$ cat coords.txt   # compact mmCIF, C-alpha atoms and all ligand atoms
# COMPACT_ATOMS: atom_id res chain seq x y z
CA MET A 1 0.00 0.00 0.00
CA THR A 2 1.34 3.43 -0.90
CA LEU A 3 0.59 6.18 1.58
CA ASP A 4 -0.46 9.63 0.46
CA PRO A 5 2.72 11.78 0.68
CA LYS A 6 0.63 14.35 2.59
CA SER A 7 -0.22 11.80 5.30
CA PRO A 8 1.73 12.25 8.55
CA ALA A 9 2.47 8.51 8.39
CA HIS A 10 4.26 8.89 5.04
CA HIS A 11 8.01 8.31 5.23
CA PRO A 12 10.20 9.90 2.57
CA ALA A 13 12.03 7.40 0.36
CA HIS A 14 15.10 9.50 -0.52
CA HIS A 15 17.22 10.76 2.39
CA PRO A 16 20.27 13.02 2.82
CA ASP A 17 23.66 11.24 3.03
CA GLU A 18 24.43 10.02 6.53
CA ALA A 19 27.53 12.27 6.51
CA LEU A 20 25.22 15.29 6.23
CA LEU A 21 23.06 14.02 9.10
CA LEU A 22 26.19 13.52 11.21
CA ASP A 23 27.43 17.05 10.45
CA TYR A 24 23.95 18.39 11.23
CA ALA A 25 23.93 16.60 14.61
CA ALA A 26 27.39 18.00 15.34
CA GLY A 27 26.24 21.52 14.44
CA SER A 28 28.99 21.86 11.85
CA LEU A 29 26.85 22.47 8.73
CA ASP A 30 26.42 25.86 7.08
CA GLU A 31 23.02 27.45 7.67
CA PRO A 32 21.46 26.90 4.19
CA THR A 33 22.30 23.17 4.21
CA SER A 34 21.07 22.94 7.81
CA LEU A 35 17.76 24.42 6.71
CA VAL A 36 17.26 21.65 4.12
CA ILE A 37 18.20 18.96 6.63
CA ALA A 38 15.98 20.43 9.38
CA THR A 39 13.07 20.66 6.92
CA HIS A 40 13.61 17.05 5.86
CA LEU A 41 13.80 15.96 9.52
CA ALA A 42 10.41 17.58 10.16
CA LEU A 43 8.96 15.10 7.65
CA CYS A 44 11.22 12.08 8.20
CA PRO A 45 11.02 10.00 11.40
CA ASP A 46 13.76 7.69 10.06
CA CYS A 47 16.37 10.45 9.82
CA ARG A 48 15.18 11.99 13.12
CA ARG A 49 16.12 8.69 14.77
CA VAL A 50 19.55 8.73 13.11
CA VAL A 51 20.22 12.34 14.19
CA ALA A 52 18.98 11.64 17.74
CA GLY A 53 21.44 8.73 17.89
CA HIS A 54 24.33 10.95 16.78
CA GLU A 55 23.29 13.67 19.23
CA ALA A 56 23.15 11.16 22.09
CA VAL A 57 26.71 10.04 21.29
CA GLY A 58 27.79 13.69 21.05
CA GLY A 59 26.13 14.38 24.41
CA VAL A 60 28.04 11.55 26.08
CA LEU A 61 31.32 12.88 24.67
CA LEU A 62 30.44 16.35 25.94
CA GLU A 63 29.62 15.03 29.40
CA GLU A 64 32.97 13.26 29.54
CA THR A 65 34.85 16.45 28.80
CA ALA A 66 32.72 18.96 30.74
CA PRO A 67 30.97 17.54 33.80
CA VAL A 68 27.96 19.58 34.90
CA GLU A 69 26.66 19.51 38.47
CA PRO A 70 22.85 19.33 38.73
CA ALA A 71 21.36 22.51 40.19
CA ALA A 72 20.73 22.30 43.92
CA GLY A 73 17.18 21.16 44.62
CA ALA A 74 16.54 20.13 40.99
CA LEU A 75 16.00 16.50 41.92
CA ALA A 76 13.63 17.40 44.78
CA ALA A 77 11.63 19.69 42.44
CA LEU A 78 11.38 16.91 39.86
CA MET A 79 10.16 14.42 42.46
CA THR A 80 7.47 16.88 43.61
CA LEU A 81 6.30 17.28 40.01
CA LEU A 82 6.14 13.51 39.56
CA ASP A 83 3.99 13.21 42.70
CA GLU A 84 1.42 15.71 41.48
CA PRO A 85 -1.62 14.27 39.66
CA ALA A 86 -1.62 15.06 35.97
CA ALA A 87 -3.96 17.92 35.03
CA PRO A 88 -6.70 16.98 32.54
CA PRO A 89 -5.90 18.20 29.04
CA PRO A 90 -7.62 21.53 28.22
CA VAL A 91 -10.62 21.31 25.92
CA ASP A 92 -9.93 23.13 22.66
CA ALA A 93 -13.18 24.01 20.93
CA SER A 94 -11.58 25.95 18.07
CA PRO A 95 -11.85 24.39 14.59
CA ILE A 96 -8.90 22.24 13.57
CA PRO A 97 -6.73 24.34 11.23
CA SER A 98 -5.54 22.69 8.04
CA ALA A 99 -1.98 21.47 8.38
CA PRO A 100 0.60 23.91 6.98
CA ILE A 101 2.40 22.75 3.85
CA LEU A 102 5.77 24.27 4.74
CA PRO A 103 7.37 22.41 7.66
CA ARG A 104 8.28 24.57 10.65
CA PRO A 105 11.95 25.41 10.04
CA LEU A 106 11.23 26.51 6.48
CA ARG A 107 8.04 28.41 7.39
CA ASP A 108 10.04 30.52 9.86
CA TYR A 109 12.51 31.54 7.13
CA VAL A 110 9.77 32.24 4.58
CA GLY A 111 7.69 34.20 7.08
CA GLY A 112 4.49 32.24 6.44
CA ASP A 113 3.05 29.21 4.69
CA LEU A 114 3.17 28.48 0.97
CA GLY A 115 0.29 30.90 0.24
CA ALA A 116 2.40 33.81 1.55
CA VAL A 117 5.34 33.25 -0.83
CA PRO A 118 5.93 36.27 -3.15
CA TRP A 119 6.83 34.28 -6.27
CA ARG A 120 8.90 35.76 -9.08
CA LYS A 121 8.74 34.32 -12.59
CA LEU A 122 12.10 32.85 -13.66
CA ILE A 123 11.11 31.39 -17.02
CA SER A 124 7.83 30.11 -18.45
CA GLY A 125 6.39 27.52 -16.03
CA ILE A 126 8.98 28.09 -13.28
CA ASP A 127 8.64 30.60 -10.44
CA VAL A 128 11.22 31.19 -7.71
CA HIS A 129 11.51 32.88 -4.35
CA ASP A 130 14.97 33.52 -2.91
CA ILE A 131 15.24 33.03 0.84
CA VAL A 132 17.78 34.94 2.90
CA VAL A 133 19.63 32.35 4.96
CA GLY A 134 22.69 33.19 6.98
CA SER A 135 24.57 36.43 6.82
CA ALA A 136 24.50 37.79 3.27
CA PRO A 137 26.30 37.76 0.97
CA ASN A 138 27.46 34.14 1.02
CA ARG A 139 28.28 31.60 -1.69
CA PHE A 140 24.95 29.79 -1.28
CA LYS A 141 21.70 30.38 -3.08
CA THR A 142 18.66 29.20 -1.15
CA ARG A 143 15.34 29.32 -2.94
CA LEU A 144 11.90 27.87 -3.30
CA MET A 145 11.05 26.77 -6.85
CA ARG A 146 7.52 26.25 -8.11
CA ILE A 147 7.35 24.21 -11.29
CA LYS A 148 4.11 23.83 -13.22
CA GLY A 149 2.74 20.35 -13.92
CA GLY A 150 4.61 18.56 -16.72
CA VAL A 151 7.24 21.32 -17.06
CA ALA A 152 10.89 20.26 -17.33
CA VAL A 153 13.67 22.29 -15.73
CA PRO A 154 16.07 23.17 -18.61
CA ARG A 155 18.86 20.58 -18.89
CA HIS A 156 21.80 21.63 -16.73
CA THR A 157 24.76 20.55 -14.69
CA HIS A 158 26.38 22.05 -11.59
CA GLU A 159 29.63 23.79 -10.86
CA GLY A 160 29.11 22.97 -7.20
CA PHE A 161 26.45 20.94 -5.43
CA GLU A 162 22.68 21.22 -5.43
CA LEU A 163 20.59 19.91 -2.54
CA VAL A 164 16.87 19.73 -3.30
CA MET A 165 13.93 18.76 -1.10
CA VAL A 166 10.36 18.33 -2.35
CA VAL A 167 7.96 20.48 -0.34
CA GLU A 168 4.79 19.78 -2.29
CA GLY A 169 3.88 17.62 -5.28
CA GLY A 170 6.69 15.70 -6.91
CA PHE A 171 9.09 15.36 -9.82
CA SER A 172 10.92 12.71 -11.80
CA ASP A 173 14.63 12.75 -12.54
CA GLY A 174 16.89 10.08 -14.04
CA GLY A 175 14.30 7.30 -13.71
CA ARG A 176 13.56 8.11 -10.06
CA HIS A 177 10.53 9.78 -8.59
CA TYR A 178 10.66 12.25 -5.69
CA ASP A 179 7.70 13.02 -3.41
CA ARG A 180 7.13 15.36 -0.47
CA GLY A 181 10.06 15.16 1.95
CA ASP A 182 12.42 13.43 -0.49
CA VAL A 183 15.94 14.84 -0.81
CA THR A 184 18.35 14.58 -3.73
CA CYS A 185 21.90 15.86 -4.05
CA SER A 186 23.52 16.59 -7.45
CA ASP A 187 26.98 17.78 -8.47
CA GLY A 188 29.05 18.27 -11.62
CA GLU A 189 28.71 14.57 -12.45
CA VAL A 190 24.98 15.01 -12.98
CA ASP A 191 23.52 16.45 -16.17
CA HIS A 192 19.77 16.45 -15.76
CA SER A 193 16.39 17.90 -16.59
CA PRO A 194 13.92 17.08 -13.80
CA VAL A 195 10.23 17.04 -14.81
CA ALA A 196 7.45 18.12 -12.44
CA ASP A 197 4.51 15.73 -11.96
CA ALA A 198 1.82 16.28 -14.58
CA ASP A 199 -0.91 16.42 -11.91
CA GLY A 200 -0.18 19.47 -9.79
CA GLY A 201 3.48 20.21 -10.43
CA CYS A 202 6.04 20.61 -7.70
CA VAL A 203 7.38 23.02 -5.08
CA CYS A 204 10.99 22.40 -3.98
CA LEU A 205 13.50 23.91 -1.59
CA ALA A 206 16.88 24.11 -3.35
CA VAL A 207 20.31 25.09 -2.07
CA THR A 208 23.23 25.53 -4.46
CA ASP A 209 26.75 26.71 -3.72
CA ALA A 210 27.65 27.69 -7.30
CA PRO A 211 25.71 28.62 -10.45
CA LEU A 212 24.03 26.00 -12.61
CA ARG A 213 25.29 25.59 -16.16
CA LEU A 214 22.68 25.03 -18.86
CA THR A 215 23.66 22.19 -21.20
CA GLY A 216 20.69 21.80 -23.59
CA PRO A 217 21.42 22.58 -27.27
CA LEU A 218 19.47 25.84 -27.29
CA MET A 219 19.38 26.76 -23.63
CA ARG A 220 23.16 26.80 -23.30
CA LEU A 221 23.18 29.92 -25.46
CA LEU A 222 21.27 31.56 -22.61
CA ASN A 223 23.99 30.86 -20.01
CA PRO A 224 25.27 34.45 -20.00
CA PHE A 225 21.74 35.81 -19.61
CA VAL A 226 19.72 33.50 -17.38
CA LYS A 227 20.87 33.52 -13.79
CA PHE A 228 19.57 30.24 -12.39
ZN ZN A 301 15.11 10.91 5.92
$ encode --input "coords.txt" --output "structure tokens"
Amino acid sequence: MTLDPKSPAHHPAHHPDEALLLDYAAGSLDEPTSLVIATHLALCPDCRRVVAGHEAVGGVLLEETAPVEPAAGALAALMTLLDEPAAPPPVDASPIPSAPILPRPLRDYVGGDLGAVPWRKLISGIDVHDIVVGSAPNRFKTRLMRIKGGVAVPRHTHEGFELVMVVEGGFSDGGRHYDRGDVTCSDGEVDHSPVADADGGCVCLAVTDAPLRLTGPLMRLLNPFVKF
């Protein structure tokens, strides 16, 4: 049975490299890459478990190097809390809001949910919104891309790396399909032209650390003019 990618029980099928998860847990990633990983983690219980494992190991190492005394009375306060009967959960009569599409870390950077994004047309069928991440200027470009159903991103390769996470909808690339939460990483070895799903298109979060280079027979003439 295939779960609806919008279901909370859906697990992404394509994950960041474990090295990225390890660097994330250690706090050693740059901010744009961290944003992609944190957004993926919001949708991926499998990677959350991996990161929690790394953080636990990191915590043990930290404890070994820097012992911390518990605050005086902390244990007594905890025991008092444990003795108290649990309060009944408050009754919330407000209507259940529809779940936001942008996961929390990304929504904070965008300043709202997907409906609040001030899109800018890049080329026919592709809109973008650049997100300011980290202290500007830096070598990274962090952006949301909205690709219309059935539209192909012009064939291109990379001078650096490109980390992409599907936020809504899906796309196909190199015989693989990517749904909400899925992550893919490309570099100069990859020459591709991802195609958004025909039914509904795709919204992605993309981080690149160098410009893309168009490689299609006609589009490559546009390289000096189109700043992807
Ligand atoms: Zn994952």
$ residues_around --input "coords.txt" --residues "region 106-121 of chain A" --least-positions-apart "2" --cutoff "10 Å" --atoms "all atoms listed in the file" --output "VMD selection string"
chain A and resid 35 to 36 38 to 40 42 99 to 104 123 to 133 143 to 146 167 to 168 203 205
$ residues_near_ligand --input "coords.txt" --ligand "ligand ZN 301 (chain A)" --cutoff "6 Å" --atoms "only C-alpha atoms and all ligand atoms" --output "ChimeraX atom specification"
/A:15,44,46-47
$ atom_distance --input "coords.txt" --atom1 "CA of Gly58 (chain A)" --atom2 "CA of Ser34 (chain A)"
17.5 Å
$ residues_near_point --input "coords.txt" --point "(14.7, 10.4, 0.6)" --cutoff "6 Å" --atoms "all atoms listed in the file" --output "MDAnalysis selection string"
chainID A and resid 12:15 182:183
$ write_last_selection --input "coords.txt" --atoms "C-alpha atoms" --output "JSON list (two decimals), in the coordinates of the input"
[["chain", "number", "residue", "atom", "x", "y", "z"],
["A", 12, "PRO", "CA", 10.20, 9.90, 2.57],
["A", 13, "ALA", "CA", 12.03, 7.40, 0.36],
["A", 14, "HIS", "CA", 15.10, 9.50, -0.52],
["A", 15, "HIS", "CA", 17.22, 10.76, 2.39],
["A", 182, "ASP", "CA", 12.42, 13.43, -0.49],
["A", 183, "VAL", "CA", 15.94, 14.84, -0.81]]
$ closest_residue --input "coords.txt" --among "A:Glu31, A:Glu159, A:Asp4, A:Asp187" --to "Asn138 (chain A)" --atoms "all atoms listed in the file"
A:Glu31
$ atom_distance --input "coords.txt" --atom1 "CA of Ala198 (chain A)" --atom2 "CA of Pro32 (chain A)"
29.2 Å
$ residues_near_point --input "coords.txt" --point "(22.1, 22.4, -19.7)" --cutoff "7 Å" --atoms "all atoms listed in the file" --output "list in words"
Pro154, Arg155, His156, Thr157, Arg213, Leu214, Thr215, Gly216, Met219 and Arg220 of chain A
$ atom_distance --input "coords.txt" --atom1 "CA of Ser135 (chain A)" --atom2 "CA of Leu122 (chain A)"
24.2 Å
$ closest_residue --input "coords.txt" --among "A:Val51, A:Ala56, A:Leu43, A:Val190" --to "Leu21 (chain A)" --atoms "all atoms listed in the file"
A:Val51
$ closest_residue --input "coords.txt" --among "A:Val153, A:Gly170, A:Ala76, A:Ala26" --to "Asp191 (chain A)" --atoms "all atoms listed in the file"
A:Val153
$ residues_around --input "coords.txt" --residues "Leu20 (chain A)" --least-positions-apart "5" --cutoff "9 Å" --atoms "all atoms listed in the file" --output "number ranges by chain"
A: 25, 29, 33-34, 37
$ closest_residue --input "coords.txt" --among "A:Pro16, A:Gly181, A:Gly134, A:Pro194" --to "Gly149 (chain A)" --atoms "all atoms listed in the file"
A:Pro194
$ closest_residue --input "coords.txt" --among "A:Glu189, A:Glu162, A:Asp173, A:Asp179" --to "Ala206 (chain A)" --atoms "all atoms listed in the file"
A:Glu162
$ decode --input "coords.txt" --residues "region 113-129 of chain A" --atoms "all heavy atoms" --output "mmCIF file, in the first residue's frame"
data_model
loop_
_atom_site.group_PDB
_atom_site.id
_atom_site.type_symbol
_atom_site.label_atom_id
_atom_site.label_comp_id
_atom_site.auth_asym_id
_atom_site.auth_seq_id
_atom_site.Cartn_x
_atom_site.Cartn_y
_atom_site.Cartn_z
ATOM 1 N N ASP A 113 3.199 30.477 5.398
ATOM 2 C CA ASP A 113 3.050 29.208 4.686
ATOM 3 C C ASP A 113 3.158 29.459 3.174
ATOM 4 O O ASP A 113 3.380 30.588 2.728
ATOM 5 C CB ASP A 113 1.719 28.549 5.063
ATOM 6 C CG ASP A 113 1.749 27.039 4.814
ATOM 7 O OD1 ASP A 113 2.834 26.493 4.584
ATOM 8 O OD2 ASP A 113 0.677 26.418 4.846
ATOM 9 N N LEU A 114 2.945 28.418 2.412
ATOM 10 C CA LEU A 114 3.168 28.481 0.966
ATOM 11 C C LEU A 114 2.364 29.598 0.304
ATOM 12 O O LEU A 114 2.837 30.236 -0.641
ATOM 13 C CB LEU A 114 2.801 27.120 0.359
ATOM 14 C CG LEU A 114 3.479 26.718 -0.935
ATOM 15 C CD1 LEU A 114 4.977 26.885 -0.858
ATOM 16 C CD2 LEU A 114 3.123 25.270 -1.259
ATOM 17 N N GLY A 115 1.149 29.866 0.832
ATOM 18 C CA GLY A 115 0.294 30.895 0.236
ATOM 19 C C GLY A 115 0.884 32.296 0.370
ATOM 20 O O GLY A 115 0.468 33.222 -0.338
ATOM 21 N N ALA A 116 1.844 32.478 1.299
ATOM 22 C CA ALA A 116 2.402 33.807 1.551
ATOM 23 C C ALA A 116 3.653 34.082 0.704
ATOM 24 O O ALA A 116 4.233 35.172 0.771
ATOM 25 C CB ALA A 116 2.766 33.931 3.035
ATOM 26 N N VAL A 117 4.071 33.097 -0.089
ATOM 27 C CA VAL A 117 5.337 33.250 -0.826
ATOM 28 C C VAL A 117 5.180 34.245 -1.980
ATOM 29 O O VAL A 117 4.308 34.075 -2.826
ATOM 30 C CB VAL A 117 5.811 31.879 -1.378
ATOM 31 C CG1 VAL A 117 7.058 32.042 -2.234
ATOM 32 C CG2 VAL A 117 6.055 30.905 -0.238
ATOM 33 N N PRO A 118 5.997 35.307 -2.030
ATOM 34 C CA PRO A 118 5.931 36.268 -3.148
ATOM 35 C C PRO A 118 6.744 35.765 -4.343
ATOM 36 O O PRO A 118 7.901 36.127 -4.521
ATOM 37 C CB PRO A 118 6.558 37.532 -2.549
ATOM 38 C CG PRO A 118 7.479 37.038 -1.475
ATOM 39 C CD PRO A 118 7.011 35.678 -1.032
ATOM 40 N N TRP A 119 6.115 34.918 -5.153
ATOM 41 C CA TRP A 119 6.825 34.275 -6.269
ATOM 42 C C TRP A 119 7.281 35.293 -7.307
ATOM 43 O O TRP A 119 6.641 36.308 -7.523
ATOM 44 C CB TRP A 119 5.924 33.239 -6.947
ATOM 45 C CG TRP A 119 5.563 32.088 -6.071
ATOM 46 C CD1 TRP A 119 4.357 31.855 -5.473
ATOM 47 C CD2 TRP A 119 6.402 31.002 -5.688
ATOM 48 N NE1 TRP A 119 4.403 30.701 -4.744
ATOM 49 C CE2 TRP A 119 5.643 30.152 -4.853
ATOM 50 C CE3 TRP A 119 7.731 30.658 -5.955
ATOM 51 C CZ2 TRP A 119 6.166 28.982 -4.295
ATOM 52 C CZ3 TRP A 119 8.244 29.497 -5.402
ATOM 53 C CH2 TRP A 119 7.475 28.675 -4.583
ATOM 54 N N ARG A 120 8.378 34.957 -7.976
ATOM 55 C CA ARG A 120 8.902 35.765 -9.084
ATOM 56 C C ARG A 120 9.092 34.804 -10.248
ATOM 57 O O ARG A 120 9.636 33.702 -10.079
ATOM 58 C CB ARG A 120 10.243 36.351 -8.634
ATOM 59 C CG ARG A 120 11.106 36.941 -9.709
ATOM 60 C CD ARG A 120 12.325 37.623 -9.064
ATOM 61 N NE ARG A 120 13.317 36.706 -8.511
ATOM 62 C CZ ARG A 120 14.255 36.097 -9.229
ATOM 63 N NH1 ARG A 120 14.309 36.293 -10.536
ATOM 64 N NH2 ARG A 120 15.117 35.285 -8.668
ATOM 65 N N LYS A 121 8.622 35.218 -11.425
ATOM 66 C CA LYS A 121 8.740 34.320 -12.594
ATOM 67 C C LYS A 121 10.195 34.249 -13.052
ATOM 68 O O LYS A 121 10.831 35.293 -13.279
ATOM 69 C CB LYS A 121 7.860 34.843 -13.723
ATOM 70 C CG LYS A 121 7.898 33.959 -14.946
ATOM 71 C CD LYS A 121 6.980 34.471 -16.033
ATOM 72 C CE LYS A 121 7.201 33.695 -17.321
ATOM 73 N NZ LYS A 121 6.333 34.121 -18.393
ATOM 74 N N LEU A 122 10.732 33.031 -13.171
ATOM 75 C CA LEU A 122 12.098 32.855 -13.664
ATOM 76 C C LEU A 122 12.071 32.652 -15.172
ATOM 77 O O LEU A 122 12.677 33.424 -15.924
ATOM 78 C CB LEU A 122 12.747 31.651 -12.974
ATOM 79 C CG LEU A 122 14.193 31.375 -13.352
ATOM 80 C CD1 LEU A 122 15.111 32.478 -12.847
ATOM 81 C CD2 LEU A 122 14.652 30.028 -12.790
ATOM 82 N N ILE A 123 11.376 31.615 -15.599
ATOM 83 C CA ILE A 123 11.105 31.390 -17.020
ATOM 84 C C ILE A 123 9.694 30.822 -17.099
ATOM 85 O O ILE A 123 9.097 30.534 -16.062
ATOM 86 C CB ILE A 123 12.127 30.416 -17.685
ATOM 87 C CG1 ILE A 123 12.147 29.081 -16.916
ATOM 88 C CG2 ILE A 123 13.500 31.031 -17.786
ATOM 89 C CD1 ILE A 123 12.976 28.008 -17.598
ATOM 90 N N SER A 124 9.192 30.601 -18.306
ATOM 91 C CA SER A 124 7.830 30.107 -18.449
ATOM 92 C C SER A 124 7.661 28.793 -17.684
ATOM 93 O O SER A 124 8.406 27.840 -17.891
ATOM 94 C CB SER A 124 7.542 29.895 -19.938
ATOM 95 O OG SER A 124 6.251 29.383 -20.085
ATOM 96 N N GLY A 125 6.691 28.756 -16.767
ATOM 97 C CA GLY A 125 6.391 27.517 -16.032
ATOM 98 C C GLY A 125 7.184 27.345 -14.751
ATOM 99 O O GLY A 125 6.941 26.413 -13.994
ATOM 100 N N ILE A 126 8.165 28.222 -14.501
ATOM 101 C CA ILE A 126 8.982 28.091 -13.281
ATOM 102 C C ILE A 126 9.042 29.436 -12.548
ATOM 103 O O ILE A 126 9.503 30.439 -13.098
ATOM 104 C CB ILE A 126 10.416 27.616 -13.600
ATOM 105 C CG1 ILE A 126 10.368 26.276 -14.336
ATOM 106 C CG2 ILE A 126 11.235 27.486 -12.313
ATOM 107 C CD1 ILE A 126 11.734 25.705 -14.680
ATOM 108 N N ASP A 127 8.553 29.421 -11.303
ATOM 109 C CA ASP A 127 8.639 30.601 -10.437
ATOM 110 C C ASP A 127 9.636 30.315 -9.319
ATOM 111 O O ASP A 127 9.811 29.158 -8.923
ATOM 112 C CB ASP A 127 7.276 30.904 -9.804
ATOM 113 C CG ASP A 127 6.219 31.198 -10.854
ATOM 114 O OD1 ASP A 127 6.568 31.816 -11.873
ATOM 115 O OD2 ASP A 127 5.054 30.803 -10.654
ATOM 116 N N VAL A 128 10.255 31.374 -8.800
ATOM 117 C CA VAL A 128 11.223 31.188 -7.710
ATOM 118 C C VAL A 128 10.997 32.234 -6.617
ATOM 119 O O VAL A 128 10.394 33.290 -6.853
ATOM 120 C CB VAL A 128 12.690 31.293 -8.205
ATOM 121 C CG1 VAL A 128 13.034 30.168 -9.143
ATOM 122 C CG2 VAL A 128 12.956 32.639 -8.844
ATOM 123 N N HIS A 129 11.462 31.908 -5.441
ATOM 124 C CA HIS A 129 11.507 32.881 -4.348
ATOM 125 C C HIS A 129 12.804 32.655 -3.584
ATOM 126 O O HIS A 129 13.015 31.589 -2.990
ATOM 127 C CB HIS A 129 10.310 32.705 -3.414
ATOM 128 C CG HIS A 129 10.420 33.522 -2.165
ATOM 129 N ND1 HIS A 129 10.525 34.901 -2.195
ATOM 130 C CD2 HIS A 129 10.487 33.174 -0.850
ATOM 131 C CE1 HIS A 129 10.622 35.350 -0.943
ATOM 132 N NE2 HIS A 129 10.611 34.320 -0.119
#
